[in-house]
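> You'll find target-v3.cif just under this line, and it carries mmCIF, N, CA and C atoms.
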data_my_file
#
loop_
_atom_site.label_atom_id
_atom_site.label_comp_id
_atom_site.auth_asym_id
_atom_site.auth_seq_id
_atom_site.Cartn_x
_atom_site.Cartn_y
_atom_site.Cartn_z
N VAL A 1 -8.56 -3.08 -3.71
CA VAL A 1 -8.97 -2.45 -2.46
C VAL A 1 -8.11 -1.22 -2.22
N GLN A 2 -8.77 -0.10 -1.99
CA GLN A 2 -8.04 1.11 -1.64
C GLN A 2 -8.21 1.37 -0.15
N LEU A 3 -7.12 1.69 0.51
CA LEU A 3 -7.12 1.92 1.94
C LEU A 3 -6.72 3.36 2.22
N GLN A 4 -7.44 3.98 3.14
CA GLN A 4 -7.15 5.36 3.51
C GLN A 4 -6.96 5.42 5.01
N ALA A 5 -5.71 5.64 5.42
CA ALA A 5 -5.41 5.76 6.85
C ALA A 5 -5.52 7.21 7.29
N SER A 6 -6.01 7.40 8.50
CA SER A 6 -6.14 8.75 9.03
C SER A 6 -6.13 8.70 10.55
N GLY A 7 -6.05 9.88 11.16
CA GLY A 7 -6.14 9.97 12.60
C GLY A 7 -4.84 10.28 13.31
N GLY A 8 -3.76 10.37 12.57
CA GLY A 8 -2.49 10.67 13.20
C GLY A 8 -2.43 12.10 13.72
N GLY A 9 -1.39 12.37 14.49
CA GLY A 9 -1.24 13.73 15.01
C GLY A 9 -0.12 13.80 16.01
N LEU A 10 -0.03 14.95 16.65
CA LEU A 10 0.96 15.21 17.69
C LEU A 10 0.29 15.08 19.05
N VAL A 11 0.80 14.20 19.88
CA VAL A 11 0.24 13.99 21.21
C VAL A 11 1.36 13.97 22.23
N GLN A 12 0.97 14.05 23.49
CA GLN A 12 1.95 14.02 24.58
C GLN A 12 2.07 12.59 25.13
N PRO A 13 3.19 12.29 25.75
CA PRO A 13 3.33 10.97 26.37
C PRO A 13 2.19 10.68 27.33
N GLY A 14 1.68 9.47 27.25
CA GLY A 14 0.56 9.07 28.09
C GLY A 14 -0.79 9.27 27.44
N ASP A 15 -0.84 10.02 26.36
CA ASP A 15 -2.11 10.28 25.67
C ASP A 15 -2.56 9.06 24.86
N SER A 16 -3.79 9.16 24.38
CA SER A 16 -4.37 8.13 23.51
C SER A 16 -4.69 8.72 22.15
N LEU A 17 -4.75 7.83 21.17
CA LEU A 17 -5.06 8.24 19.81
C LEU A 17 -5.66 7.04 19.09
N THR A 18 -6.61 7.30 18.22
CA THR A 18 -7.20 6.23 17.43
C THR A 18 -6.98 6.49 15.95
N LEU A 19 -6.38 5.53 15.29
CA LEU A 19 -6.18 5.60 13.85
C LEU A 19 -7.30 4.84 13.15
N SER A 20 -7.68 5.33 11.98
CA SER A 20 -8.72 4.67 11.18
C SER A 20 -8.14 4.25 9.84
N CYS A 21 -8.69 3.18 9.32
CA CYS A 21 -8.29 2.68 8.01
C CYS A 21 -9.57 2.36 7.25
N ALA A 22 -9.95 3.26 6.36
CA ALA A 22 -11.18 3.10 5.60
C ALA A 22 -10.90 2.35 4.30
N ALA A 23 -11.65 1.30 4.07
CA ALA A 23 -11.45 0.49 2.87
C ALA A 23 -12.50 0.84 1.82
N SER A 24 -12.06 0.95 0.59
CA SER A 24 -12.96 1.25 -0.51
C SER A 24 -12.75 0.21 -1.60
N ALA A 25 -13.75 -0.65 -1.76
CA ALA A 25 -13.64 -1.71 -2.77
C ALA A 25 -15.03 -2.24 -3.07
N PRO A 26 -15.66 -1.77 -4.10
CA PRO A 26 -17.02 -2.24 -4.42
C PRO A 26 -17.10 -3.75 -4.54
N GLY A 27 -18.01 -4.34 -3.79
CA GLY A 27 -18.17 -5.78 -3.83
C GLY A 27 -17.14 -6.55 -3.02
N ARG A 28 -16.30 -5.85 -2.33
CA ARG A 28 -15.25 -6.51 -1.54
C ARG A 28 -15.29 -5.98 -0.12
N PRO A 29 -16.15 -6.50 0.70
CA PRO A 29 -16.25 -5.98 2.06
C PRO A 29 -15.03 -6.31 2.89
N ILE A 30 -14.75 -5.44 3.82
CA ILE A 30 -13.58 -5.61 4.68
C ILE A 30 -13.68 -6.88 5.51
N SER A 31 -14.87 -7.41 5.64
CA SER A 31 -15.06 -8.64 6.41
C SER A 31 -14.34 -9.84 5.79
N ASN A 32 -13.96 -9.73 4.54
CA ASN A 32 -13.24 -10.80 3.86
C ASN A 32 -11.73 -10.63 3.88
N TYR A 33 -11.27 -9.60 4.58
CA TYR A 33 -9.86 -9.26 4.56
C TYR A 33 -9.26 -9.26 5.97
N ALA A 34 -8.06 -9.79 6.06
CA ALA A 34 -7.26 -9.58 7.25
C ALA A 34 -6.62 -8.21 7.15
N ILE A 35 -6.56 -7.52 8.26
CA ILE A 35 -6.02 -6.16 8.30
C ILE A 35 -4.81 -6.12 9.22
N GLY A 36 -3.81 -5.40 8.79
CA GLY A 36 -2.63 -5.21 9.62
C GLY A 36 -2.28 -3.74 9.72
N TRP A 37 -1.68 -3.40 10.84
CA TRP A 37 -1.10 -2.06 11.02
C TRP A 37 0.41 -2.22 11.16
N PHE A 38 1.12 -1.40 10.45
CA PHE A 38 2.57 -1.36 10.52
C PHE A 38 2.99 0.07 10.82
N ARG A 39 4.23 0.24 11.24
CA ARG A 39 4.74 1.59 11.47
C ARG A 39 6.21 1.65 11.08
N GLN A 40 6.61 2.85 10.71
CA GLN A 40 8.00 3.07 10.35
C GLN A 40 8.53 4.24 11.16
N PRO A 41 9.30 3.96 12.21
CA PRO A 41 9.90 5.04 13.00
C PRO A 41 10.95 5.78 12.17
N PRO A 42 11.30 6.97 12.55
CA PRO A 42 12.31 7.74 11.80
C PRO A 42 13.63 6.99 11.69
N GLY A 43 14.10 6.82 10.47
CA GLY A 43 15.38 6.17 10.25
C GLY A 43 15.40 4.67 10.43
N LYS A 44 14.22 4.07 10.59
CA LYS A 44 14.17 2.62 10.82
C LYS A 44 13.29 1.95 9.78
N LYS A 45 13.33 0.63 9.78
CA LYS A 45 12.51 -0.14 8.86
C LYS A 45 11.07 -0.20 9.35
N ARG A 46 10.17 -0.48 8.42
CA ARG A 46 8.78 -0.65 8.78
C ARG A 46 8.60 -1.93 9.58
N GLU A 47 7.77 -1.87 10.60
CA GLU A 47 7.59 -3.01 11.49
C GLU A 47 6.12 -3.28 11.75
N PHE A 48 5.84 -4.53 12.03
CA PHE A 48 4.48 -4.96 12.35
C PHE A 48 4.07 -4.41 13.70
N VAL A 49 2.81 -3.95 13.78
CA VAL A 49 2.27 -3.43 15.03
C VAL A 49 1.13 -4.31 15.53
N ALA A 50 0.14 -4.54 14.67
CA ALA A 50 -1.04 -5.31 15.09
C ALA A 50 -1.75 -5.85 13.86
N GLY A 51 -2.47 -6.94 14.05
CA GLY A 51 -3.24 -7.52 12.96
C GLY A 51 -4.51 -8.14 13.47
N ILE A 52 -5.51 -8.21 12.59
CA ILE A 52 -6.79 -8.84 12.92
C ILE A 52 -7.21 -9.69 11.74
N SER A 53 -7.73 -10.87 12.06
CA SER A 53 -8.11 -11.80 11.00
C SER A 53 -9.38 -11.32 10.30
N SER A 54 -9.69 -11.92 9.17
CA SER A 54 -10.88 -11.53 8.43
C SER A 54 -12.15 -11.76 9.26
N THR A 55 -12.15 -12.83 10.04
CA THR A 55 -13.32 -13.11 10.88
C THR A 55 -13.40 -12.17 12.06
N GLY A 56 -12.29 -11.51 12.39
CA GLY A 56 -12.25 -10.66 13.57
C GLY A 56 -12.03 -11.44 14.85
N GLY A 57 -11.92 -12.77 14.73
CA GLY A 57 -11.80 -13.58 15.92
C GLY A 57 -10.39 -13.73 16.45
N THR A 58 -9.43 -13.32 15.67
CA THR A 58 -8.02 -13.44 16.08
C THR A 58 -7.33 -12.10 15.93
N ARG A 59 -6.56 -11.75 16.94
CA ARG A 59 -5.76 -10.54 16.93
C ARG A 59 -4.32 -10.89 17.32
N ASP A 60 -3.42 -10.11 16.80
CA ASP A 60 -2.01 -10.32 17.11
C ASP A 60 -1.36 -8.96 17.28
N TYR A 61 -0.43 -8.88 18.24
CA TYR A 61 0.21 -7.61 18.55
C TYR A 61 1.71 -7.80 18.69
N ALA A 62 2.44 -6.79 18.29
CA ALA A 62 3.86 -6.76 18.59
C ALA A 62 4.03 -6.63 20.09
N ASP A 63 5.11 -7.20 20.60
CA ASP A 63 5.36 -7.16 22.04
C ASP A 63 5.40 -5.71 22.56
N SER A 64 5.91 -4.81 21.75
CA SER A 64 6.09 -3.43 22.18
C SER A 64 4.78 -2.68 22.40
N VAL A 65 3.68 -3.20 21.84
CA VAL A 65 2.39 -2.51 21.98
C VAL A 65 1.35 -3.36 22.70
N GLN A 66 1.69 -4.61 22.99
CA GLN A 66 0.76 -5.50 23.67
C GLN A 66 0.26 -4.87 24.97
N GLY A 67 -1.05 -4.85 25.14
CA GLY A 67 -1.63 -4.28 26.34
C GLY A 67 -1.90 -2.79 26.26
N ARG A 68 -1.38 -2.13 25.24
CA ARG A 68 -1.61 -0.69 25.07
C ARG A 68 -2.43 -0.38 23.81
N PHE A 69 -2.25 -1.18 22.78
CA PHE A 69 -2.94 -0.95 21.51
C PHE A 69 -4.02 -2.01 21.31
N THR A 70 -5.09 -1.62 20.64
CA THR A 70 -6.16 -2.55 20.31
C THR A 70 -6.58 -2.35 18.86
N ILE A 71 -6.65 -3.44 18.13
CA ILE A 71 -7.09 -3.39 16.74
C ILE A 71 -8.50 -3.95 16.64
N ASN A 72 -9.32 -3.28 15.85
CA ASN A 72 -10.69 -3.71 15.64
C ASN A 72 -11.12 -3.45 14.20
N LYS A 73 -12.17 -4.14 13.82
CA LYS A 73 -12.78 -3.89 12.51
C LYS A 73 -14.26 -3.58 12.70
N ASP A 74 -14.76 -2.61 11.96
CA ASP A 74 -16.20 -2.31 11.92
C ASP A 74 -16.66 -2.67 10.52
N ASN A 75 -17.18 -3.87 10.37
CA ASN A 75 -17.51 -4.34 9.03
C ASN A 75 -18.58 -3.50 8.33
N PRO A 76 -19.67 -3.10 9.00
CA PRO A 76 -20.65 -2.26 8.30
C PRO A 76 -20.07 -0.95 7.79
N ARG A 77 -19.08 -0.41 8.50
CA ARG A 77 -18.45 0.84 8.07
C ARG A 77 -17.26 0.59 7.14
N ASN A 78 -16.92 -0.69 6.95
CA ASN A 78 -15.75 -1.03 6.13
C ASN A 78 -14.50 -0.31 6.59
N THR A 79 -14.34 -0.27 7.89
CA THR A 79 -13.23 0.48 8.48
C THR A 79 -12.58 -0.33 9.60
N ALA A 80 -11.26 -0.25 9.66
CA ALA A 80 -10.51 -0.85 10.76
C ALA A 80 -9.92 0.27 11.61
N TYR A 81 -9.66 -0.05 12.86
CA TYR A 81 -9.17 0.96 13.79
C TYR A 81 -7.97 0.42 14.56
N LEU A 82 -7.15 1.35 14.98
CA LEU A 82 -6.07 1.03 15.91
C LEU A 82 -6.17 2.02 17.06
N GLN A 83 -6.64 1.51 18.18
CA GLN A 83 -6.74 2.33 19.39
C GLN A 83 -5.39 2.25 20.10
N MET A 84 -4.78 3.41 20.34
CA MET A 84 -3.45 3.44 20.95
C MET A 84 -3.53 4.20 22.27
N ASN A 85 -3.19 3.53 23.34
CA ASN A 85 -3.21 4.14 24.67
C ASN A 85 -1.80 4.20 25.23
N LYS A 86 -1.64 5.04 26.23
CA LYS A 86 -0.35 5.18 26.92
C LYS A 86 0.79 5.34 25.92
N LEU A 87 0.62 6.24 25.02
CA LEU A 87 1.64 6.47 23.99
C LEU A 87 2.92 7.02 24.61
N ASN A 88 4.03 6.60 24.04
CA ASN A 88 5.33 7.10 24.49
C ASN A 88 6.14 7.50 23.26
N PRO A 89 7.23 8.22 23.45
CA PRO A 89 8.01 8.70 22.30
C PRO A 89 8.46 7.59 21.35
N ASP A 90 8.63 6.38 21.86
CA ASP A 90 9.03 5.27 20.98
C ASP A 90 7.95 4.88 19.99
N ASP A 91 6.74 5.36 20.21
CA ASP A 91 5.65 5.08 19.28
C ASP A 91 5.61 6.06 18.12
N THR A 92 6.48 7.05 18.15
CA THR A 92 6.55 8.01 17.05
C THR A 92 6.93 7.31 15.76
N ALA A 93 6.10 7.46 14.75
CA ALA A 93 6.33 6.76 13.48
C ALA A 93 5.26 7.17 12.48
N VAL A 94 5.49 6.78 11.25
CA VAL A 94 4.43 6.82 10.24
C VAL A 94 3.71 5.48 10.30
N TYR A 95 2.41 5.51 10.46
CA TYR A 95 1.62 4.29 10.61
C TYR A 95 0.90 3.99 9.30
N PHE A 96 0.95 2.71 8.91
CA PHE A 96 0.33 2.25 7.68
C PHE A 96 -0.66 1.14 7.98
N CYS A 97 -1.77 1.13 7.26
CA CYS A 97 -2.66 -0.02 7.34
C CYS A 97 -2.52 -0.83 6.05
N ALA A 98 -2.76 -2.11 6.16
CA ALA A 98 -2.61 -3.03 5.04
C ALA A 98 -3.70 -4.08 5.10
N ALA A 99 -3.99 -4.68 3.97
CA ALA A 99 -5.05 -5.69 3.90
C ALA A 99 -4.68 -6.80 2.93
N THR A 100 -5.22 -7.96 3.20
CA THR A 100 -5.06 -9.07 2.27
C THR A 100 -6.31 -9.94 2.34
N PHE A 101 -6.70 -10.52 1.24
CA PHE A 101 -7.92 -11.31 1.17
C PHE A 101 -7.70 -12.66 1.84
N ARG A 102 -8.50 -12.90 2.87
CA ARG A 102 -8.48 -14.19 3.58
C ARG A 102 -9.91 -14.48 4.00
N TYR A 103 -10.64 -15.14 3.13
CA TYR A 103 -12.07 -15.33 3.37
C TYR A 103 -12.32 -16.26 4.54
N ARG A 104 -12.91 -15.73 5.58
CA ARG A 104 -13.33 -16.50 6.75
C ARG A 104 -12.21 -17.34 7.34
N THR A 105 -11.09 -16.72 7.57
CA THR A 105 -9.98 -17.44 8.21
C THR A 105 -9.54 -16.69 9.46
N ARG A 106 -8.74 -17.35 10.27
CA ARG A 106 -8.18 -16.74 11.47
C ARG A 106 -6.72 -16.34 11.24
N ASP A 107 -6.30 -16.35 9.99
CA ASP A 107 -4.90 -16.07 9.66
C ASP A 107 -4.56 -14.60 9.86
N ILE A 108 -3.36 -14.36 10.37
CA ILE A 108 -2.82 -13.00 10.49
C ILE A 108 -1.35 -13.06 10.11
N GLY A 109 -0.93 -12.14 9.26
CA GLY A 109 0.47 -12.09 8.87
C GLY A 109 1.22 -11.00 9.62
N ARG A 110 2.49 -11.24 9.85
CA ARG A 110 3.34 -10.25 10.52
C ARG A 110 4.36 -9.64 9.56
N THR A 111 4.39 -10.13 8.33
CA THR A 111 5.38 -9.61 7.38
C THR A 111 4.70 -8.78 6.30
N GLU A 112 5.43 -7.83 5.76
CA GLU A 112 4.88 -6.93 4.76
C GLU A 112 4.40 -7.66 3.52
N ASP A 113 5.13 -8.70 3.12
CA ASP A 113 4.78 -9.38 1.87
C ASP A 113 3.53 -10.25 1.99
N TRP A 114 3.01 -10.38 3.20
CA TRP A 114 1.77 -11.14 3.39
C TRP A 114 0.56 -10.32 2.97
N TYR A 115 0.74 -9.00 2.91
CA TYR A 115 -0.36 -8.10 2.62
C TYR A 115 -0.28 -7.60 1.18
N ASN A 116 -1.41 -7.52 0.53
CA ASN A 116 -1.47 -7.13 -0.88
C ASN A 116 -1.82 -5.67 -1.10
N TYR A 117 -2.49 -5.08 -0.14
CA TYR A 117 -2.97 -3.72 -0.32
C TYR A 117 -2.47 -2.86 0.83
N TRP A 118 -2.10 -1.65 0.48
CA TRP A 118 -1.54 -0.74 1.47
C TRP A 118 -2.16 0.64 1.33
N GLY A 119 -2.36 1.28 2.48
CA GLY A 119 -2.79 2.66 2.48
C GLY A 119 -1.59 3.57 2.60
N GLN A 120 -1.83 4.85 2.44
CA GLN A 120 -0.76 5.80 2.66
C GLN A 120 -0.55 5.93 4.17
N GLY A 121 0.55 6.43 4.58
CA GLY A 121 0.82 6.52 6.00
C GLY A 121 0.19 7.72 6.66
N THR A 122 0.06 7.63 7.99
CA THR A 122 -0.38 8.76 8.79
C THR A 122 0.63 8.94 9.92
N GLN A 123 1.07 10.16 10.11
CA GLN A 123 2.14 10.44 11.06
C GLN A 123 1.60 10.53 12.48
N VAL A 124 2.27 9.82 13.38
CA VAL A 124 1.99 9.91 14.81
C VAL A 124 3.28 10.37 15.49
N THR A 125 3.19 11.47 16.20
CA THR A 125 4.34 12.01 16.92
C THR A 125 3.98 12.14 18.39
N VAL A 126 4.79 11.50 19.22
CA VAL A 126 4.57 11.56 20.66
C VAL A 126 5.73 12.35 21.27
N SER A 127 5.41 13.51 21.78
CA SER A 127 6.45 14.39 22.30
C SER A 127 5.86 15.34 23.33
N SER A 128 6.67 15.64 24.33
CA SER A 128 6.25 16.62 25.33
C SER A 128 6.74 18.01 24.95
#
Translate this structure into structure tokens?


Amino acid sequence: VQLQASGGGLVQPGDSLTLSCAASAPGRPISNYAIGWFRQPPGKKREFVAGISSTGGTRDYADSVQGRFTINKDNPRNTAYLQMNKLNPDDTAVYFCAATFRYRTRDIGRTEDWYNYWGQGTQVTVSS
């Protein structure tokens, strides 16, 4: 599975931004994969942000983004999204999407080693 993250940019505090993660895998629809978003702030380790199960029925969020970020999957488009609202400077980071095969489960991982496939990062900068 190849993942392509996009949608990053420079925004002001309080703004919204939506990141996309397009999956490319013939015969392997995104509906069979759990998707996670991670981020790596400047000078810090990569951290879990949000995850959605393969069924789409379960979502998990880091405490720091709970209530502001929403993760979704569009199975026909084979794309996952991270809607980010009320952005603040602490959200500045390189954002990565990741996937792992979990056929029809509600499982979501919070650790990097739980995911088998990774996209390249997309930079999000929140600054006035």

> Report the residues retrieved by the PyMOL selection byres ((chain A and resi 77) around 8) from the displayed file, expressed as a list of chain:residue names.

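Output of the PyMOL selection byres ((chain A and resi 77) around 8): A:Cys21, A:Ala22, A:Ala23, A:Ile30, A:Lys73, A:Asp74, A:Asn75, A:Pro76, A:Asn78, A:Thr79, A:Ala80.
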
> Take the PyMOL selection byres (((chain A and resi 111-127 and name CA) around 9) and name CA), run it mentally on this structure, and tell me the resulting residues as a PyMOL selection string.

chain A and resi 1-15+17+19+21-23+34-36+38-39+46-48+87-101+108-110+128

> Kindly save the residues from that selection, with N, CA and C atoms included, as a compact mmCIF listing (two decimals), keeping the file's coordinate frame.


# COMPACT_ATOMS: atom_id res chain seq x y z
N VAL A 1 -8.56 -3.08 -3.71
CA VAL A 1 -8.97 -2.45 -2.46
C VAL A 1 -8.11 -1.22 -2.22
N GLN A 2 -8.77 -0.10 -1.99
CA GLN A 2 -8.04 1.11 -1.64
C GLN A 2 -8.21 1.37 -0.15
N LEU A 3 -7.12 1.69 0.51
CA LEU A 3 -7.12 1.92 1.94
C LEU A 3 -6.72 3.36 2.22
N GLN A 4 -7.44 3.98 3.14
CA GLN A 4 -7.15 5.36 3.51
C GLN A 4 -6.96 5.42 5.01
N ALA A 5 -5.71 5.64 5.42
CA ALA A 5 -5.41 5.76 6.85
C ALA A 5 -5.52 7.21 7.29
N SER A 6 -6.01 7.40 8.50
CA SER A 6 -6.14 8.75 9.03
C SER A 6 -6.13 8.70 10.55
N GLY A 7 -6.05 9.88 11.16
CA GLY A 7 -6.14 9.97 12.60
C GLY A 7 -4.84 10.28 13.31
N GLY A 8 -3.76 10.37 12.57
CA GLY A 8 -2.49 10.67 13.20
C GLY A 8 -2.43 12.10 13.72
N GLY A 9 -1.39 12.37 14.49
CA GLY A 9 -1.24 13.73 15.01
C GLY A 9 -0.12 13.80 16.01
N LEU A 10 -0.03 14.95 16.65
CA LEU A 10 0.96 15.21 17.69
C LEU A 10 0.29 15.08 19.05
N VAL A 11 0.80 14.20 19.88
CA VAL A 11 0.24 13.99 21.21
C VAL A 11 1.36 13.97 22.23
N GLN A 12 0.97 14.05 23.49
CA GLN A 12 1.95 14.02 24.58
C GLN A 12 2.07 12.59 25.13
N PRO A 13 3.19 12.29 25.75
CA PRO A 13 3.33 10.97 26.37
C PRO A 13 2.19 10.68 27.33
N GLY A 14 1.68 9.47 27.25
CA GLY A 14 0.56 9.07 28.09
C GLY A 14 -0.79 9.27 27.44
N ASP A 15 -0.84 10.02 26.36
CA ASP A 15 -2.11 10.28 25.67
C ASP A 15 -2.56 9.06 24.86
N LEU A 17 -4.75 7.83 21.17
CA LEU A 17 -5.06 8.24 19.81
C LEU A 17 -5.66 7.04 19.09
N LEU A 19 -6.38 5.53 15.29
CA LEU A 19 -6.18 5.60 13.85
C LEU A 19 -7.30 4.84 13.15
N CYS A 21 -8.69 3.18 9.32
CA CYS A 21 -8.29 2.68 8.01
C CYS A 21 -9.57 2.36 7.25
N ALA A 22 -9.95 3.26 6.36
CA ALA A 22 -11.18 3.10 5.60
C ALA A 22 -10.90 2.35 4.30
N ALA A 23 -11.65 1.30 4.07
CA ALA A 23 -11.45 0.49 2.87
C ALA A 23 -12.50 0.84 1.82
N ALA A 34 -8.06 -9.79 6.06
CA ALA A 34 -7.26 -9.58 7.25
C ALA A 34 -6.62 -8.21 7.15
N ILE A 35 -6.56 -7.52 8.26
CA ILE A 35 -6.02 -6.16 8.30
C ILE A 35 -4.81 -6.12 9.22
N GLY A 36 -3.81 -5.40 8.79
CA GLY A 36 -2.63 -5.21 9.62
C GLY A 36 -2.28 -3.74 9.72
N PHE A 38 1.12 -1.40 10.45
CA PHE A 38 2.57 -1.36 10.52
C PHE A 38 2.99 0.07 10.82
N ARG A 39 4.23 0.24 11.24
CA ARG A 39 4.74 1.59 11.47
C ARG A 39 6.21 1.65 11.08
N ARG A 46 10.17 -0.48 8.42
CA ARG A 46 8.78 -0.65 8.78
C ARG A 46 8.60 -1.93 9.58
N GLU A 47 7.77 -1.87 10.60
CA GLU A 47 7.59 -3.01 11.49
C GLU A 47 6.12 -3.28 11.75
N PHE A 48 5.84 -4.53 12.03
CA PHE A 48 4.48 -4.96 12.35
C PHE A 48 4.07 -4.41 13.70
N LEU A 87 0.62 6.24 25.02
CA LEU A 87 1.64 6.47 23.99
C LEU A 87 2.92 7.02 24.61
N ASN A 88 4.03 6.60 24.04
CA ASN A 88 5.33 7.10 24.49
C ASN A 88 6.14 7.50 23.26
N PRO A 89 7.23 8.22 23.45
CA PRO A 89 8.01 8.70 22.30
C PRO A 89 8.46 7.59 21.35
N ASP A 90 8.63 6.38 21.86
CA ASP A 90 9.03 5.27 20.98
C ASP A 90 7.95 4.88 19.99
N ASP A 91 6.74 5.36 20.21
CA ASP A 91 5.65 5.08 19.28
C ASP A 91 5.61 6.06 18.12
N THR A 92 6.48 7.05 18.15
CA THR A 92 6.55 8.01 17.05
C THR A 92 6.93 7.31 15.76
N ALA A 93 6.10 7.46 14.75
CA ALA A 93 6.33 6.76 13.48
C ALA A 93 5.26 7.17 12.48
N VAL A 94 5.49 6.78 11.25
CA VAL A 94 4.43 6.82 10.24
C VAL A 94 3.71 5.48 10.30
N TYR A 95 2.41 5.51 10.46
CA TYR A 95 1.62 4.29 10.61
C TYR A 95 0.90 3.99 9.30
N PHE A 96 0.95 2.71 8.91
CA PHE A 96 0.33 2.25 7.68
C PHE A 96 -0.66 1.14 7.98
N CYS A 97 -1.77 1.13 7.26
CA CYS A 97 -2.66 -0.02 7.34
C CYS A 97 -2.52 -0.83 6.05
N ALA A 98 -2.76 -2.11 6.16
CA ALA A 98 -2.61 -3.03 5.04
C ALA A 98 -3.70 -4.08 5.10
N ALA A 99 -3.99 -4.68 3.97
CA ALA A 99 -5.05 -5.69 3.90
C ALA A 99 -4.68 -6.80 2.93
N THR A 100 -5.22 -7.96 3.20
CA THR A 100 -5.06 -9.07 2.27
C THR A 100 -6.31 -9.94 2.34
N PHE A 101 -6.70 -10.52 1.24
CA PHE A 101 -7.92 -11.31 1.17
C PHE A 101 -7.70 -12.66 1.84
N ILE A 108 -3.36 -14.36 10.37
CA ILE A 108 -2.82 -13.00 10.49
C ILE A 108 -1.35 -13.06 10.11
N GLY A 109 -0.93 -12.14 9.26
CA GLY A 109 0.47 -12.09 8.87
C GLY A 109 1.22 -11.00 9.62
N ARG A 110 2.49 -11.24 9.85
CA ARG A 110 3.34 -10.25 10.52
C ARG A 110 4.36 -9.64 9.56
N SER A 128 6.67 15.64 24.33
CA SER A 128 6.25 16.62 25.33
C SER A 128 6.74 18.01 24.95

> Just to confirm, what's the straight-line distance from atom CA of Thr55 of chain A to atom CA of Ser16 of chain A in Å (one decimal)?

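Between atom CA of Thr55 of chain A and atom CA of Ser16 of chain A the gap is 26.3 Å.
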
> Between atom CA of Trp37 of chain A and atom CA of Tyr61 of chain A, what is the spacing in Å?

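Atom CA of Tyr61 of chain A sits 9.4 Å away from atom CA of Trp37 of chain A.
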
> For a test of reading the model, state the distance in Å between atom CA of Asp60 of chain A and atom CA of Asn72 of chain A, rounded to one decimal.

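A separation of 11.0 Å between them.
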
> Go through A:Thr105, A:Ser24, A:Gln40, A:Asn85 one by one, measure the shortest atom-to-atom distance of each to Arg68 of chain A using only N, CA and C atoms, and give the residue with the smallest value.

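Checking each candidate against Arg68 of chain A, we get A:Asn85 as the closest.
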
> If you run DSSP on the backbone, which residues of chain A are strand (DSSP E or B), as a ChimeraX atom specification?

/A:2-6,9-11,17-24,33-40,47-52,59-61,69-74,79-84,93-101,117-118,122-126

> Once you add 8 Å to each side, what are the centre and edge lengths of the axis-aligned box holding all listed atoms of segment 60-66 of chain A? One decimal in Å, as JSON, if you can.


{"center_x": 1.3, "center_y": -6.4, "center_z": 20.9, "size_x": 25.5, "size_y": 23.8, "size_z": 24.2}

> Residues picked by the PyMOL selection byres (((chain A and resi 83 and name CA) around 7) and name CA) here, as a ChimeraX atom specification?

/A:17-19,69-71,81-82,84-85
